[in-house]
Amino acid sequence: MTVIDCHHHFWKFGKRKHTFPHGVGNRLDRDYLPEDLRPQLKAAGVDKTILVQVLNETGETNEFLQMSNDIDFVAGVVGWVPLADPPACARALDDMKPRGKLLGVRPLIVYEPDPDWLLQKTVAESLDLLAKADLVFEAIPATAPQFEAVLKVTAEKPNLKVVLNHLGNPPVPEKAWEPWAANMKRAAALPNMSVKLSAGLALVVKWKWSTDEIRRYADYVLELFGPDRVMAGSNWPVVELGGTYAEVWGGIVDLIAGLSPADRAKVLGGSAQRIYGI
């Protein structure tokens with residue numbers, strides 16, 4: 001079995017402008033590079049990773065693609081392309097294809113002031129390009145209208161593989177349930193939608209990792225989506241706001257301990273291999 005961490009980042013602080021929410025302060029203001037992560041992967045028994053974009057710019061994605069060639073544990077990249085400009089999107093995809101292992105695309109829609117940004121005709125054209133290229137579209141909605149837009153796009157484009165980040169941002173610190181649970185049930189009804197078993201910035205900025213507290217949310221997602229559509233991700237280094245890599249990955253392993261060996265293998269790597277075509 002190949003164990004895959006399906007969601008992490010790198011950055012060299014100061015090379016590009018990184019803007020984090022107010023609650024983060026300066027806690028992430030340093031370099032996070034491959035050699036920082038390598039020993040933690042080895043200790044946790046993780047074989048491969050998927051490197052995910054941090055910024056809405058092609059320059060960062062091109063650097064990440066080069067890393068996918070140079071760093072042995074990086075299996076591929078989820079990058080950024082200008083989805084609102086289909087011709088530019090097509091050019092970017094053509095340019096990126098020979099550079100490295102592009103597996104998918106993620107726009108940070110949280111930074112788009114228009115909640116219906118994803119529903120523009122131009123974005124729809126670009127999403128069709130992703131589907132044709134067998135690239136995954138990753139979504140990280142932060143508001144109810146953004147979540148609605150992601151659900152609408154996923155339903156309208158059954159050939160597009162969509163991956164919802166970070167368990168759909170469950171309200172763990174508040175110990176709440178709705179409307180998150182209802183939204184996740186709607187998401188799971190879409191067969192081309194998958195989800196990452198990971199903790200996002202919106203969660204860890206105000207919450208310390210607790211396997212017990214997140215368990216009912218993870219159990220619910222696993223029940224709805226099944227292990228074929230759930231993938232384990234650390235969200236390192238963002239997750240260091242809430243816990244160490246060892247704590248978080250160990251917690252994820254604990255969360256799926258009740259599954260059969262075959263189903264655990266899917267969540268820890270098999271599903272990512274199939275969905276991303278690794």
# chains A, B, ... in the order shown; residues from 1 in each chain; ligands from 1
call {"tool": "closest_atom_pairs", "arguments": {"of": "stretch 166-213 of chain A", "to": "stretch 233-238 of chain A", "cutoff": "9 Å", "atoms": "only C-alpha atoms", "output": "CSV"}}
result
residue,atom,partner,partner_atom,distance
A:His166,CA,A:Gly233,CA,8.2
A:Lys196,CA,A:Gly233,CA,6.3
A:Leu197,CA,A:Gly233,CA,5.9
A:Ser198,CA,A:Gly233,CA,5.0
A:Ala199,CA,A:Asn235,CA,6.7
A:Gly200,CA,A:Asn235,CA,6.8
A:Leu201,CA,A:Val238,CA,6.3
A:Val204,CA,A:Val238,CA,7.8
A:Val205,CA,A:Val238,CA,8.6
call {"tool": "residues_around", "arguments": {"residues": "A:Lys48", "least_positions_apart": "3", "cutoff": "8 Å", "atoms": "only C-alpha atoms", "output": "count of residues only"}}
result
7
call {"tool": "atom_distance", "arguments": {"atom1": "atom CA of A:Glu138", "atom2": "atom CA of A:Arg30"}}
result
25.9 Å
call {"tool": "closest_residue", "arguments": {"among": "A:Gly100, A:Pro145, A:Pro82, A:Pro171", "to": "A:Thr122", "atoms": "only C-alpha atoms"}}
result
A:Pro82
call {"tool": "closest_residue", "arguments": {"among": "A:Leu241, A:Val253, A:Leu224, A:Ala142", "to": "A:Ala189", "atoms": "only C-alpha atoms"}}
result
A:Leu224
call {"tool": "residues_around", "arguments": {"residues": "A:Gly251", "least_positions_apart": "3", "cutoff": "8 Å", "atoms": "only C-alpha atoms", "output": "list in words"}}
result
Ser210, Thr211, Glu247, Val248, Asp254 and Leu255 of chain A
call {"tool": "write_last_selection", "arguments": {"atoms": "C-alpha atoms", "output": "mmCIF file, in the first residue's frame"}}
result
data_model
loop_
_atom_site.group_PDB
_atom_site.id
_atom_site.type_symbol
_atom_site.label_atom_id
_atom_site.label_comp_id
_atom_site.auth_asym_id
_atom_site.auth_seq_id
_atom_site.Cartn_x
_atom_site.Cartn_y
_atom_site.Cartn_z
ATOM 1 C CA SER A 210 -8.606 16.834 19.026
ATOM 2 C CA THR A 211 -9.288 13.465 17.452
ATOM 3 C CA GLU A 247 -0.570 14.378 16.134
ATOM 4 C CA VAL A 248 -2.698 15.161 13.111
ATOM 5 C CA ASP A 254 -7.141 6.683 14.513
ATOM 6 C CA LEU A 255 -10.308 8.113 12.950
#
call {"tool": "residues_around", "arguments": {"residues": "stretch 212-219 of chain A", "least_positions_apart": "2", "cutoff": "12 Å", "atoms": "only C-alpha atoms", "output": "MDAnalysis selection string"}}
result
chainID A and resid 166:178 180:181 184:185 195:199 203:204 207:210 221:227 230:232 248 251:259 267
call {"tool": "select_by_dssp", "arguments": {"residues": "stretch 5-62 of chain A", "states": "strand (DSSP E)", "output": "VMD selection string"}}
result
chain A and resid 5 to 8 48 to 52
call {"tool": "atom_distance", "arguments": {"atom1": "atom CA of A:Trp117", "atom2": "atom CA of A:Ala84"}}
result
8.5 Å
call {"tool": "atom_distance", "arguments": {"atom1": "atom CA of A:Asp95", "atom2": "atom CA of A:Tyr111"}}
result
25.2 Å
call {"tool": "closest_residue", "arguments": {"among": "A:Met96, A:Val46, A:Val24, A:Leu83", "to": "A:Glu63", "atoms": "only C-alpha atoms"}}
result
A:Met96
call {"tool": "closest_residue", "arguments": {"among": "A:Asp263, A:Asp114, A:Asp134, A:Glu125", "to": "A:Ala149", "atoms": "only C-alpha atoms"}}
result
A:Asp114
call {"tool": "select_by_dssp", "arguments": {"residues": "stretch 43-260 of chain A", "states": "helix (DSSP H, G or I)", "output": "JSON, numbers by chain"}}
result
{"A": [43, 44, 58, 59, 60, 61, 62, 63, 64, 65, 66, 67, 68, 69, 70, 86, 87, 88, 89, 90, 91, 92, 93, 94, 95, 96, 109, 110, 111, 117, 118, 119, 121, 122, 123, 124, 125, 126, 127, 128, 129, 130, 131, 132, 144, 145, 146, 147, 148, 149, 150, 151, 152, 153, 154, 155, 156, 166, 167, 168, 180, 181, 182, 183, 184, 185, 186, 187, 188, 201, 202, 203, 204, 211, 212, 213, 214, 215, 216, 217, 218, 219, 220, 221, 222, 223, 224, 225, 227, 228, 229, 238, 239, 240, 241, 245, 246, 247, 248, 249, 250, 251, 252, 253, 254, 255]}
call {"tool": "closest_residue", "arguments": {"among": "A:Arg229, A:Ala262, A:Trp249, A:Trp80", "to": "A:Ile109", "atoms": "only C-alpha atoms"}}
result
A:Trp80
call {"tool": "residues_around", "arguments": {"residues": "A:Val162", "least_positions_apart": "2", "cutoff": "10 Å", "atoms": "only C-alpha atoms", "output": "PyMOL selection string"}}
result
chain A and resi 104-106+131+135-139+150-151+153-154+157-160+164-165+190-195+275
call {"tool": "residues_around", "arguments": {"residues": "A:Leu102", "least_positions_apart": "4", "cutoff": "10 Å", "atoms": "only C-alpha atoms", "output": "NGL selection string"}}
result
:A and (50-51 or 61-62 or 64-65 or 68 or 75-80 or 93 or 96-98 or 135-136 or 276)
call {"tool": "write_last_selection", "arguments": {"atoms": "N, CA and C atoms", "output": "short mmCIF file (atom, residue, chain, number, x, y, z; two decimals), in the first residue's frame"}}
result
data_model
loop_
_atom_site.label_atom_id
_atom_site.label_comp_id
_atom_site.auth_asym_id
_atom_site.auth_seq_id
_atom_site.Cartn_x
_atom_site.Cartn_y
_atom_site.Cartn_z
N ILE A 50 0.60 15.13 -2.17
CA ILE A 50 0.10 16.03 -3.20
C ILE A 50 0.32 17.45 -2.70
N LEU A 51 1.06 18.22 -3.47
CA LEU A 51 1.41 19.60 -3.14
C LEU A 51 0.35 20.54 -3.70
N THR A 61 2.66 27.97 -9.08
CA THR A 61 2.34 26.64 -9.59
C THR A 61 3.48 26.07 -10.42
N ASN A 62 4.11 26.90 -11.25
CA ASN A 62 5.23 26.42 -12.06
C ASN A 62 6.40 25.98 -11.18
N PHE A 64 6.07 24.80 -8.13
CA PHE A 64 5.63 23.55 -7.52
C PHE A 64 5.76 22.38 -8.50
N LEU A 65 5.47 22.64 -9.77
CA LEU A 65 5.60 21.58 -10.77
C LEU A 65 7.05 21.14 -10.90
N SER A 68 7.78 18.85 -8.20
CA SER A 68 7.24 17.49 -8.42
C SER A 68 8.20 16.64 -9.23
N ALA A 75 4.10 13.51 -5.36
CA ALA A 75 3.52 12.73 -6.45
C ALA A 75 2.87 13.61 -7.50
N GLY A 76 2.54 14.84 -7.14
CA GLY A 76 1.91 15.74 -8.10
C GLY A 76 1.45 17.01 -7.43
N VAL A 77 0.88 17.91 -8.24
CA VAL A 77 0.55 19.27 -7.82
C VAL A 77 -0.90 19.60 -8.16
N VAL A 78 -1.56 20.25 -7.22
CA VAL A 78 -2.83 20.93 -7.49
C VAL A 78 -2.49 22.41 -7.54
N GLY A 79 -2.59 23.00 -8.72
CA GLY A 79 -2.12 24.36 -8.92
C GLY A 79 -3.23 25.35 -9.18
N TRP A 80 -2.85 26.47 -9.79
CA TRP A 80 -3.81 27.53 -10.11
C TRP A 80 -3.65 27.93 -11.57
N LEU A 93 -2.57 25.80 -19.11
CA LEU A 93 -2.57 24.33 -19.02
C LEU A 93 -1.59 23.73 -20.02
N MET A 96 1.88 24.30 -18.66
CA MET A 96 2.21 23.55 -17.44
C MET A 96 2.39 22.05 -17.71
N LYS A 97 1.71 21.54 -18.71
CA LYS A 97 1.71 20.09 -18.94
C LYS A 97 3.10 19.48 -19.00
N PRO A 98 4.06 20.08 -19.74
CA PRO A 98 5.39 19.46 -19.78
C PRO A 98 6.29 19.81 -18.59
N LEU A 135 -8.33 16.59 -15.23
CA LEU A 135 -7.76 17.25 -14.05
C LEU A 135 -8.85 17.44 -13.00
N VAL A 136 -8.47 17.33 -11.75
CA VAL A 136 -9.40 17.50 -10.63
C VAL A 136 -9.62 18.99 -10.38
N TYR A 276 -6.96 11.13 -8.55
CA TYR A 276 -5.99 12.03 -9.19
C TYR A 276 -5.22 11.38 -10.33
#
call {"tool": "closest_residue", "arguments": {"among": "A:Asp116, A:Gly23, A:Ala265, A:Trp11", "to": "A:Leu55", "atoms": "only C-alpha atoms"}}
result
A:Trp11
